[in-house]
>>> print(open('protein-v2.pdb').read())   # PDB, C-alpha atoms, pLDDT in the B column
MODEL        1
ATOM      1  CA  MET A   1     -32.500  80.918 255.383  1.00 84.00           C
ATOM      2  CA  ARG A   2     -28.764  80.944 254.670  1.00 93.00           C
ATOM      3  CA  VAL A   3     -26.267  83.721 255.355  1.00 97.00           C
ATOM      4  CA  ASN A   4     -23.834  83.190 252.448  1.00 96.00           C
ATOM      5  CA  ASP A   5     -23.320  81.268 249.218  1.00 96.00           C
ATOM      6  CA  ARG A   6     -20.665  78.864 250.517  1.00 97.00           C
ATOM      7  CA  HIS A   7     -21.064  75.173 251.371  1.00 98.00           C
ATOM      8  CA  VAL A   8     -24.585  75.060 249.959  1.00 97.00           C
ATOM      9  CA  SER A   9     -25.978  71.529 249.804  1.00 97.00           C
ATOM     10  CA  PHE A  10     -28.640  70.103 247.543  1.00 97.00           C
ATOM     11  CA  TYR A  11     -31.281  70.947 250.150  1.00 96.00           C
ATOM     12  CA  TYR A  12     -30.578  74.674 249.999  1.00 95.00           C
ATOM     13  CA  GLU A  13     -29.737  75.221 246.340  1.00 94.00           C
ATOM     14  CA  MET A  14     -33.193  76.711 245.728  1.00 94.00           C
ATOM     15  CA  ASP A  15     -33.208  78.875 248.845  1.00 92.00           C
ATOM     16  CA  ASN A  16     -32.423  82.391 247.675  1.00 90.00           C
ATOM     17  CA  GLU A  17     -33.135  84.171 250.949  1.00 91.00           C
ATOM     18  CA  ILE A  18     -29.952  85.509 252.493  1.00 94.00           C
ATOM     19  CA  GLY A  19     -30.070  86.523 256.132  1.00 95.00           C
ATOM     20  CA  GLU A  20     -27.621  88.384 258.345  1.00 95.00           C
ATOM     21  CA  ILE A  21     -25.111  87.129 260.875  1.00 97.00           C
ATOM     22  CA  VAL A  22     -26.521  88.151 264.232  1.00 94.00           C
ATOM     23  CA  ILE A  23     -24.644  87.654 267.496  1.00 97.00           C
ATOM     24  CA  GLU A  24     -26.062  88.894 270.791  1.00 97.00           C
ATOM     25  CA  PRO A  25     -23.015  88.984 273.096  1.00 97.00           C
ATOM     26  CA  LYS A  26     -24.822  88.363 276.386  1.00 97.00           C
ATOM     27  CA  LYS A  27     -26.531  85.257 274.998  1.00 98.00           C
ATOM     28  CA  THR A  28     -23.599  83.807 273.047  1.00 98.00           C
ATOM     29  CA  ALA A  29     -20.819  81.442 274.127  1.00 98.00           C
ATOM     30  CA  LEU A  30     -17.715  80.198 272.348  1.00 98.00           C
ATOM     31  CA  LEU A  31     -17.179  76.431 272.506  1.00 99.00           C
ATOM     32  CA  ILE A  32     -13.714  75.168 271.539  1.00 99.00           C
ATOM     33  CA  VAL A  33     -13.847  71.422 270.925  1.00 98.00           C
ATOM     34  CA  ASP A  34     -10.931  69.023 271.519  1.00 98.00           C
ATOM     35  CA  MET A  35      -8.050  71.362 270.739  1.00 98.00           C
ATOM     36  CA  GLN A  36      -5.863  69.005 272.740  1.00 98.00           C
ATOM     37  CA  LYS A  37      -2.178  68.206 272.353  1.00 96.00           C
ATOM     38  CA  VAL A  38      -2.814  64.591 271.378  1.00 94.00           C
ATOM     39  CA  PHE A  39      -4.897  65.578 268.349  1.00 95.00           C
ATOM     40  CA  ILE A  40      -3.165  68.621 266.899  1.00 96.00           C
ATOM     41  CA  THR A  41       0.519  68.420 267.860  1.00 94.00           C
ATOM     42  CA  ARG A  42       2.894  66.956 265.277  1.00 91.00           C
ATOM     43  CA  PRO A  43       4.072  63.583 266.590  1.00 85.00           C
ATOM     44  CA  PRO A  44       7.722  62.489 266.663  1.00 81.00           C
ATOM     45  CA  VAL A  45       8.702  60.327 263.701  1.00 74.00           C
ATOM     46  CA  GLU A  46      11.105  57.500 264.492  1.00 68.00           C
ATOM     47  CA  ASN A  47      10.873  54.987 261.635  1.00 71.00           C
ATOM     48  CA  GLY A  48       9.780  54.485 258.047  1.00 69.00           C
ATOM     49  CA  THR A  49       6.273  53.294 258.852  1.00 71.00           C
ATOM     50  CA  GLU A  50       5.650  56.315 261.061  1.00 74.00           C
ATOM     51  CA  MET A  51       7.029  58.599 258.359  1.00 77.00           C
ATOM     52  CA  ALA A  52       4.601  57.221 255.798  1.00 80.00           C
ATOM     53  CA  ASN A  53       1.683  57.869 258.124  1.00 80.00           C
ATOM     54  CA  PHE A  54       3.011  61.313 259.023  1.00 82.00           C
ATOM     55  CA  LYS A  55       3.117  62.263 255.343  1.00 88.00           C
ATOM     56  CA  ARG A  56      -0.573  61.405 255.119  1.00 91.00           C
ATOM     57  CA  TRP A  57      -1.312  63.750 258.013  1.00 94.00           C
ATOM     58  CA  GLU A  58       1.159  66.516 257.172  1.00 94.00           C
ATOM     59  CA  PRO A  59      -1.398  68.729 255.344  1.00 96.00           C
ATOM     60  CA  PHE A  60      -3.645  68.504 258.415  1.00 97.00           C
ATOM     61  CA  TYR A  61      -0.898  69.683 260.783  1.00 96.00           C
ATOM     62  CA  ASP A  62       0.045  72.462 258.356  1.00 97.00           C
ATOM     63  CA  LYS A  63      -3.545  73.717 258.290  1.00 98.00           C
ATOM     64  CA  ILE A  64      -3.858  73.470 262.070  1.00 98.00           C
ATOM     65  CA  GLU A  65      -0.694  75.479 262.685  1.00 98.00           C
ATOM     66  CA  GLU A  66      -1.095  78.043 259.909  1.00 98.00           C
ATOM     67  CA  VAL A  67      -4.847  78.658 260.000  1.00 98.00           C
ATOM     68  CA  VAL A  68      -6.864  76.918 262.704  1.00 98.00           C
ATOM     69  CA  ILE A  69      -4.852  77.793 265.802  1.00 98.00           C
ATOM     70  CA  PRO A  70      -4.315  81.454 264.805  1.00 98.00           C
ATOM     71  CA  ASN A  71      -8.027  81.902 264.093  1.00 98.00           C
ATOM     72  CA  ASN A  72      -9.013  80.253 267.357  1.00 98.00           C
ATOM     73  CA  LYS A  73      -6.683  82.669 269.134  1.00 98.00           C
ATOM     74  CA  ARG A  74      -8.282  85.647 267.397  1.00 98.00           C
ATOM     75  CA  ILE A  75     -11.774  84.496 268.293  1.00 98.00           C
ATOM     76  CA  LEU A  76     -10.829  83.627 271.865  1.00 98.00           C
ATOM     77  CA  GLU A  77      -9.198  87.018 272.376  1.00 98.00           C
ATOM     78  CA  ARG A  78     -12.269  88.839 271.062  1.00 98.00           C
ATOM     79  CA  PHE A  79     -14.644  86.873 273.289  1.00 98.00           C
ATOM     80  CA  ARG A  80     -12.459  87.545 276.317  1.00 98.00           C
ATOM     81  CA  ASP A  81     -12.076  91.214 275.433  1.00 98.00           C
ATOM     82  CA  LYS A  82     -15.850  91.593 275.208  1.00 98.00           C
ATOM     83  CA  GLY A  83     -16.518  89.644 278.405  1.00 98.00           C
ATOM     84  CA  MET A  84     -18.376  86.916 276.520  1.00 98.00           C
ATOM     85  CA  GLU A  85     -18.672  83.342 277.764  1.00 98.00           C
ATOM     86  CA  VAL A  86     -16.011  80.801 276.777  1.00 98.00           C
ATOM     87  CA  ALA A  87     -16.150  77.026 277.202  1.00 98.00           C
ATOM     88  CA  PHE A  88     -13.813  74.194 276.275  1.00 98.00           C
ATOM     89  CA  ALA A  89     -14.570  70.518 275.674  1.00 98.00           C
ATOM     90  CA  LYS A  90     -11.991  67.759 275.795  1.00 96.00           C
ATOM     91  CA  ILE A  91     -11.988  63.988 275.525  1.00 94.00           C
ATOM     92  CA  GLN A  92     -10.805  62.309 278.726  1.00 91.00           C
ATOM     93  CA  CYS A  93     -12.030  59.235 280.553  1.00 88.00           C
ATOM     94  CA  HIS A  94     -12.456  59.021 284.319  1.00 88.00           C
ATOM     95  CA  LYS A  95     -11.345  55.392 284.662  1.00 89.00           C
ATOM     96  CA  ARG A  96      -7.741  54.522 283.827  1.00 88.00           C
ATOM     97  CA  ASN A  97      -8.899  51.379 282.035  1.00 87.00           C
ATOM     98  CA  GLY A  98     -11.250  53.437 279.880  1.00 86.00           C
ATOM     99  CA  SER A  99     -14.351  51.476 280.835  1.00 90.00           C
ATOM    100  CA  ASP A 100     -16.402  54.674 281.036  1.00 84.00           C
ATOM    101  CA  ARG A 101     -15.773  55.577 277.382  1.00 86.00           C
ATOM    102  CA  SER A 102     -18.547  55.437 274.810  1.00 86.00           C
ATOM    103  CA  LEU A 103     -18.585  52.524 272.359  1.00 84.00           C
ATOM    104  CA  VAL A 104     -17.270  54.816 269.626  1.00 81.00           C
ATOM    105  CA  GLN A 105     -14.157  55.626 271.635  1.00 78.00           C
ATOM    106  CA  LYS A 106     -13.612  51.965 272.464  1.00 79.00           C
ATOM    107  CA  ALA A 107     -13.660  50.994 268.800  1.00 81.00           C
ATOM    108  CA  THR A 108     -10.493  49.818 267.083  1.00 78.00           C
ATOM    109  CA  GLY A 109      -8.615  51.966 264.627  1.00 77.00           C
ATOM    110  CA  PHE A 110      -8.370  55.755 264.645  1.00 79.00           C
ATOM    111  CA  ASN A 111     -11.118  56.339 267.216  1.00 73.00           C
ATOM    112  CA  GLU A 112      -9.571  54.021 269.786  1.00 75.00           C
ATOM    113  CA  LEU A 113      -8.270  56.381 272.438  1.00 79.00           C
ATOM    114  CA  LEU A 114      -7.378  55.847 276.079  1.00 83.00           C
ATOM    115  CA  LEU A 115      -6.830  59.290 277.513  1.00 87.00           C
ATOM    116  CA  PHE A 116      -7.599  59.604 281.208  1.00 85.00           C
ATOM    117  CA  ILE A 117      -7.991  62.740 283.309  1.00 88.00           C
ATOM    118  CA  GLY A 118      -4.583  64.091 284.256  1.00 88.00           C
ATOM    119  CA  ASP A 119      -2.809  62.810 281.138  1.00 90.00           C
ATOM    120  CA  GLU A 120      -0.692  65.660 279.787  1.00 90.00           C
ATOM    121  CA  GLU A 121      -1.486  64.655 276.198  1.00 92.00           C
ATOM    122  CA  GLY A 122      -5.138  65.399 276.879  1.00 91.00           C
ATOM    123  CA  GLU A 123      -4.575  69.001 277.894  1.00 96.00           C
ATOM    124  CA  ILE A 124      -5.635  71.899 275.686  1.00 97.00           C
ATOM    125  CA  ILE A 125      -2.705  73.378 273.770  1.00 98.00           C
ATOM    126  CA  PRO A 126      -0.949  76.287 275.536  1.00 98.00           C
ATOM    127  CA  GLU A 127      -1.898  78.793 272.833  1.00 98.00           C
ATOM    128  CA  LEU A 128      -5.561  78.324 273.747  1.00 98.00           C
ATOM    129  CA  ALA A 129      -5.270  77.417 277.411  1.00 98.00           C
ATOM    130  CA  PRO A 130      -8.354  78.251 279.512  1.00 98.00           C
ATOM    131  CA  ILE A 131      -8.036  81.042 282.036  1.00 97.00           C
ATOM    132  CA  ASP A 132      -9.729  81.493 285.379  1.00 94.00           C
ATOM    133  CA  ASN A 133     -13.540  81.381 285.324  1.00 95.00           C
ATOM    134  CA  GLU A 134     -13.801  79.696 281.921  1.00 98.00           C
ATOM    135  CA  ILE A 135     -15.708  76.418 281.702  1.00 98.00           C
ATOM    136  CA  VAL A 136     -13.868  73.213 280.825  1.00 98.00           C
ATOM    137  CA  ILE A 137     -15.936  70.071 280.419  1.00 97.00           C
ATOM    138  CA  THR A 138     -14.691  66.510 280.077  1.00 95.00           C
ATOM    139  CA  LYS A 139     -16.527  64.121 277.789  1.00 94.00           C
ATOM    140  CA  THR A 140     -16.331  60.427 277.011  1.00 91.00           C
ATOM    141  CA  THR A 141     -18.462  60.756 273.882  1.00 91.00           C
ATOM    142  CA  ASP A 142     -18.019  62.633 270.620  1.00 93.00           C
ATOM    143  CA  SER A 143     -20.738  65.168 271.417  1.00 96.00           C
ATOM    144  CA  ALA A 144     -19.914  67.670 274.140  1.00 97.00           C
ATOM    145  CA  ILE A 145     -23.632  67.896 274.842  1.00 97.00           C
ATOM    146  CA  THR A 146     -24.363  64.186 275.109  1.00 94.00           C
ATOM    147  CA  GLY A 147     -21.255  63.507 277.182  1.00 88.00           C
ATOM    148  CA  SER A 148     -21.556  66.257 279.791  1.00 94.00           C
ATOM    149  CA  ASN A 149     -23.911  68.663 281.553  1.00 95.00           C
ATOM    150  CA  LEU A 150     -22.911  71.496 279.210  1.00 97.00           C
ATOM    151  CA  ARG A 151     -26.449  71.890 277.876  1.00 97.00           C
ATOM    152  CA  LEU A 152     -27.704  72.580 281.389  1.00 97.00           C
ATOM    153  CA  ILE A 153     -24.813  74.926 282.141  1.00 98.00           C
ATOM    154  CA  LEU A 154     -25.441  76.985 279.003  1.00 98.00           C
ATOM    155  CA  HIS A 155     -29.180  77.199 279.670  1.00 98.00           C
ATOM    156  CA  ASN A 156     -28.535  78.237 283.266  1.00 98.00           C
ATOM    157  CA  MET A 157     -26.321  81.088 282.025  1.00 98.00           C
ATOM    158  CA  GLY A 158     -28.969  82.301 279.581  1.00 98.00           C
ATOM    159  CA  ILE A 159     -26.988  81.229 276.512  1.00 98.00           C
ATOM    160  CA  ASP A 160     -29.033  80.501 273.382  1.00 98.00           C
ATOM    161  CA  THR A 161     -26.301  80.817 270.750  1.00 98.00           C
ATOM    162  CA  VAL A 162     -23.036  78.869 270.490  1.00 98.00           C
ATOM    163  CA  VAL A 163     -20.033  79.577 268.281  1.00 99.00           C
ATOM    164  CA  VAL A 164     -18.184  76.297 267.656  1.00 99.00           C
ATOM    165  CA  THR A 165     -14.560  75.679 266.670  1.00 99.00           C
ATOM    166  CA  GLY A 166     -12.120  72.776 266.994  1.00 98.00           C
ATOM    167  CA  VAL A 167     -11.409  69.254 265.745  1.00 98.00           C
ATOM    168  CA  PHE A 168     -12.344  67.034 264.114  1.00 98.00           C
ATOM    169  CA  THR A 169     -15.008  68.719 262.009  1.00 98.00           C
ATOM    170  CA  ASP A 170     -16.597  65.451 260.885  1.00 98.00           C
ATOM    171  CA  GLN A 171     -16.471  63.792 264.299  1.00 96.00           C
ATOM    172  CA  CYS A 172     -16.644  65.561 267.673  1.00 97.00           C
ATOM    173  CA  VAL A 173     -17.344  68.974 266.171  1.00 98.00           C
ATOM    174  CA  SER A 174     -20.139  67.581 264.022  1.00 98.00           C
ATOM    175  CA  GLY A 175     -21.610  65.539 266.870  1.00 98.00           C
ATOM    176  CA  THR A 176     -21.584  68.603 269.109  1.00 98.00           C
ATOM    177  CA  VAL A 177     -23.123  70.877 266.482  1.00 98.00           C
ATOM    178  CA  ARG A 178     -25.940  68.419 265.810  1.00 98.00           C
ATOM    179  CA  SER A 179     -26.644  67.979 269.519  1.00 98.00           C
ATOM    180  CA  LEU A 180     -26.697  71.729 270.085  1.00 98.00           C
ATOM    181  CA  ALA A 181     -29.142  72.150 267.222  1.00 98.00           C
ATOM    182  CA  ASP A 182     -31.380  69.395 268.607  1.00 98.00           C
ATOM    183  CA  GLU A 183     -31.363  71.220 271.943  1.00 97.00           C
ATOM    184  CA  SER A 184     -32.588  74.383 270.140  1.00 98.00           C
ATOM    185  CA  PHE A 185     -29.399  76.432 270.330  1.00 98.00           C
ATOM    186  CA  ASN A 186     -28.461  78.722 267.469  1.00 98.00           C
ATOM    187  CA  VAL A 187     -25.126  77.430 266.191  1.00 98.00           C
ATOM    188  CA  TRP A 188     -22.385  79.176 264.210  1.00 98.00           C
ATOM    189  CA  LEU A 189     -19.597  76.910 262.968  1.00 99.00           C
ATOM    190  CA  ILE A 190     -16.384  78.709 262.046  1.00 99.00           C
ATOM    191  CA  GLU A 191     -15.018  77.082 258.896  1.00 98.00           C
ATOM    192  CA  ASP A 192     -11.424  78.321 259.203  1.00 98.00           C
ATOM    193  CA  ALA A 193     -11.217  77.607 262.950  1.00 99.00           C
ATOM    194  CA  CYS A 194     -12.091  73.910 262.671  1.00 98.00           C
ATOM    195  CA  MET A 195     -10.585  71.065 260.677  1.00 98.00           C
ATOM    196  CA  ALA A 196     -11.138  67.469 259.605  1.00 98.00           C
ATOM    197  CA  SER A 197      -8.360  65.047 258.697  1.00 97.00           C
ATOM    198  CA  THR A 198      -8.423  66.106 255.018  1.00 98.00           C
ATOM    199  CA  GLU A 199      -9.730  69.050 253.038  1.00 98.00           C
ATOM    200  CA  LYS A 200     -12.102  66.739 251.165  1.00 98.00           C
ATOM    201  CA  ILE A 201     -13.714  65.511 254.384  1.00 98.00           C
ATOM    202  CA  GLN A 202     -13.720  69.073 255.733  1.00 98.00           C
ATOM    203  CA  GLN A 203     -15.613  70.473 252.762  1.00 98.00           C
ATOM    204  CA  ASN A 204     -18.055  67.556 252.665  1.00 98.00           C
ATOM    205  CA  GLU A 205     -18.924  67.910 256.343  1.00 98.00           C
ATOM    206  CA  LEU A 206     -19.330  71.685 256.189  1.00 98.00           C
ATOM    207  CA  GLU A 207     -21.789  71.242 253.328  1.00 98.00           C
ATOM    208  CA  ILE A 208     -23.708  68.571 255.245  1.00 98.00           C
ATOM    209  CA  LEU A 209     -23.994  70.648 258.426  1.00 98.00           C
ATOM    210  CA  ASN A 210     -24.538  74.070 256.900  1.00 98.00           C
ATOM    211  CA  ASN A 211     -27.978  75.682 257.006  1.00 97.00           C
ATOM    212  CA  ILE A 212     -29.560  72.637 258.671  1.00 97.00           C
ATOM    213  CA  TYR A 213     -27.705  72.217 261.953  1.00 98.00           C
ATOM    214  CA  CYS A 214     -25.747  75.486 261.938  1.00 98.00           C
ATOM    215  CA  HIS A 215     -24.595  78.371 259.810  1.00 98.00           C
ATOM    216  CA  VAL A 216     -21.047  78.046 258.507  1.00 98.00           C
ATOM    217  CA  ILE A 217     -19.142  81.329 258.495  1.00 98.00           C
ATOM    218  CA  ASN A 218     -15.483  82.326 258.735  1.00 98.00           C
ATOM    219  CA  THR A 219     -13.470  84.090 261.417  1.00 98.00           C
ATOM    220  CA  ASP A 220     -13.512  87.501 259.732  1.00 98.00           C
ATOM    221  CA  GLU A 221     -17.292  87.364 259.328  1.00 98.00           C
ATOM    222  CA  LEU A 222     -17.725  86.461 262.993  1.00 98.00           C
ATOM    223  CA  LEU A 223     -15.398  89.161 264.294  1.00 98.00           C
ATOM    224  CA  GLU A 224     -17.035  91.754 262.051  1.00 98.00           C
ATOM    225  CA  VAL A 225     -20.255  91.439 264.076  1.00 98.00           C
ATOM    226  CA  ILE A 226     -18.530  91.216 267.482  1.00 97.00           C
ATOM    227  CA  LYS A 227     -16.927  94.665 267.748  1.00 90.00           C
TER
ENDMDL
END
>>> encode(input="protein-v2.pdb", output="structure tokens")
Amino acid sequence: MRVNDRHVSFYYEMDNEIGEIVIEPKKTALLIVDMQKVFITRPPVENGTEMANFKRWEPFYDKIEEVVIPNNKRILERFRDKGMEVAFAKIQCHKRNGSDRSLVQKATGFNELLLFIGDEEGEIIPELAPIDNEIVITKTTDSAITGSNLRLILHNMGIDTVVVTGVFTDQCVSGTVRSLADESFNVWLIEDACMASTEKIQQNELEILNNIYCHVINTDELLEVIK
């Protein structure tokens, strides 16, 4: 059963049952994935080659700054105001040589990342910085569930529903959403509080995940049911 008519894949085109967005505050946690400086802060541009690459990424940074960060702030503030659970996931390796990273994070190209614990670039951006008593988990895999004990922590706290935001929608966000679903959590993915590298990839991934591994809704829809 779907909750809206957006991001409907082939599998759900014939499903005409529309359900409601239901959030039980005491059983729901917000999980903000990889909103770290290294991923979402505009890098300095020093030469022509870097400028060409920056131009490719400029729409991503625009969307992050104008839409994704503000919506994450709104959601985070509402969860805190209502005394609901908040958790953060971030990519950081324990070994300075990165030997503890998953194979994906050791791969060449975009995914190759050596970001050890204590590296300032790996910290969550100040606008969304965790406060006292909020959970922050470190992972060396894409999935925050596979790469940490977060599943156990959430179960221990009586959480059965997770609201997910962050980057990148098609990578760590997607891996986390799928793992949460496999662990029998109810998952709500907030479409305007997450982002992939491009709008095309973003829309494709939302359609793939929606109604199977999660329900895709927007920030206004979420906040409307958390009053």
>>> resolve_selection(input="protein-v2.pdb", expression="the PyMOL selection byres ((chain A and resi 18) around 9)", output="VMD selection string")
chain A and resid 1 to 5 15 to 17 19 to 20
>>> write_last_selection(input="protein-v2.pdb", atoms="C-alpha atoms", output="JSON list (two decimals), in the coordinates of the input")
[["chain", "number", "residue", "atom", "x", "y", "z"],
["A", 1, "MET", "CA", -32.50, 80.92, 255.38],
["A", 2, "ARG", "CA", -28.76, 80.94, 254.67],
["A", 3, "VAL", "CA", -26.27, 83.72, 255.36],
["A", 4, "ASN", "CA", -23.83, 83.19, 252.45],
["A", 5, "ASP", "CA", -23.32, 81.27, 249.22],
["A", 15, "ASP", "CA", -33.21, 78.88, 248.84],
["A", 16, "ASN", "CA", -32.42, 82.39, 247.68],
["A", 17, "GLU", "CA", -33.14, 84.17, 250.95],
["A", 19, "GLY", "CA", -30.07, 86.52, 256.13],
["A", 20, "GLU", "CA", -27.62, 88.38, 258.35]]
>>> atom_distance(input="protein-v2.pdb", atom1="atom CA of A:Arg151", atom2="atom CA of A:Asp100")
20.2 Å
>>> closest_atom_pairs(input="protein-v2.pdb", of="stretch 127-166 of chain A", to="stretch 188-192 of chain A", cutoff="10 Å", atoms="all atoms listed in the file", output="CSV")
residue,atom,partner,partner_atom,distance
A:Thr161,CA,A:Trp188,CA,7.8
A:Val162,CA,A:Trp188,CA,6.3
A:Val163,CA,A:Trp188,CA,4.7
A:Val164,CA,A:Leu189,CA,4.9
A:Thr165,CA,A:Ile190,CA,5.8
A:Gly166,CA,A:Ile190,CA,8.8
>>> atom_distance(input="protein-v2.pdb", atom1="atom CA of A:Val33", atom2="atom CA of A:Leu128")
11.1 Å
>>> atom_distance(input="protein-v2.pdb", atom1="atom CA of A:Ser143", atom2="atom CA of A:Ala196")
15.4 Å
>>> closest_residue(input="protein-v2.pdb", among="A:Thr198, A:Gln203, A:Thr146, A:Thr169", to="A:Phe60", atoms="only C-alpha atoms")
A:Thr198
>>> closest_residue(input="protein-v2.pdb", among="A:Gln92, A:Ser174, A:Asn204, A:Ser184", to="A:Gly147", atoms="all atoms listed in the file")
A:Gln92
>>> resolve_selection(input="protein-v2.pdb", expression="the PyMOL selection byres ((chain A and resi 118) around 12)", output="PyMOL selection string")
chain A and resi 90-96+114-117+119-124+138
>>> closest_residue(input="protein-v2.pdb", among="A:Val167, A:Met195, A:Ala129, A:Ile208", to="A:Pro59", atoms="only C-alpha atoms")
A:Met195
>>> closest_residue(input="protein-v2.pdb", among="A:Glu13, A:Glu112, A:Glu183, A:Glu134", to="A:Leu31", atoms="all atoms listed in the file")
A:Glu134
>>> axis_aligned_box(input="protein-v2.pdb", around="stretch 8-20 of chain A", padding_each_side="6 Å", output="lines of an AutoDock Vina configuration file")
center_x = -28.9
center_y = 79.2
center_z = 252.0
size_x = 20.6
size_y = 30.3
size_z = 24.6
>>> resolve_selection(input="protein-v2.pdb", expression="the PyMOL selection byres ((chain A and resi 87) around 7)", output="ChimeraX atom specification")
/A:30-32,85-86,88-89,134-136
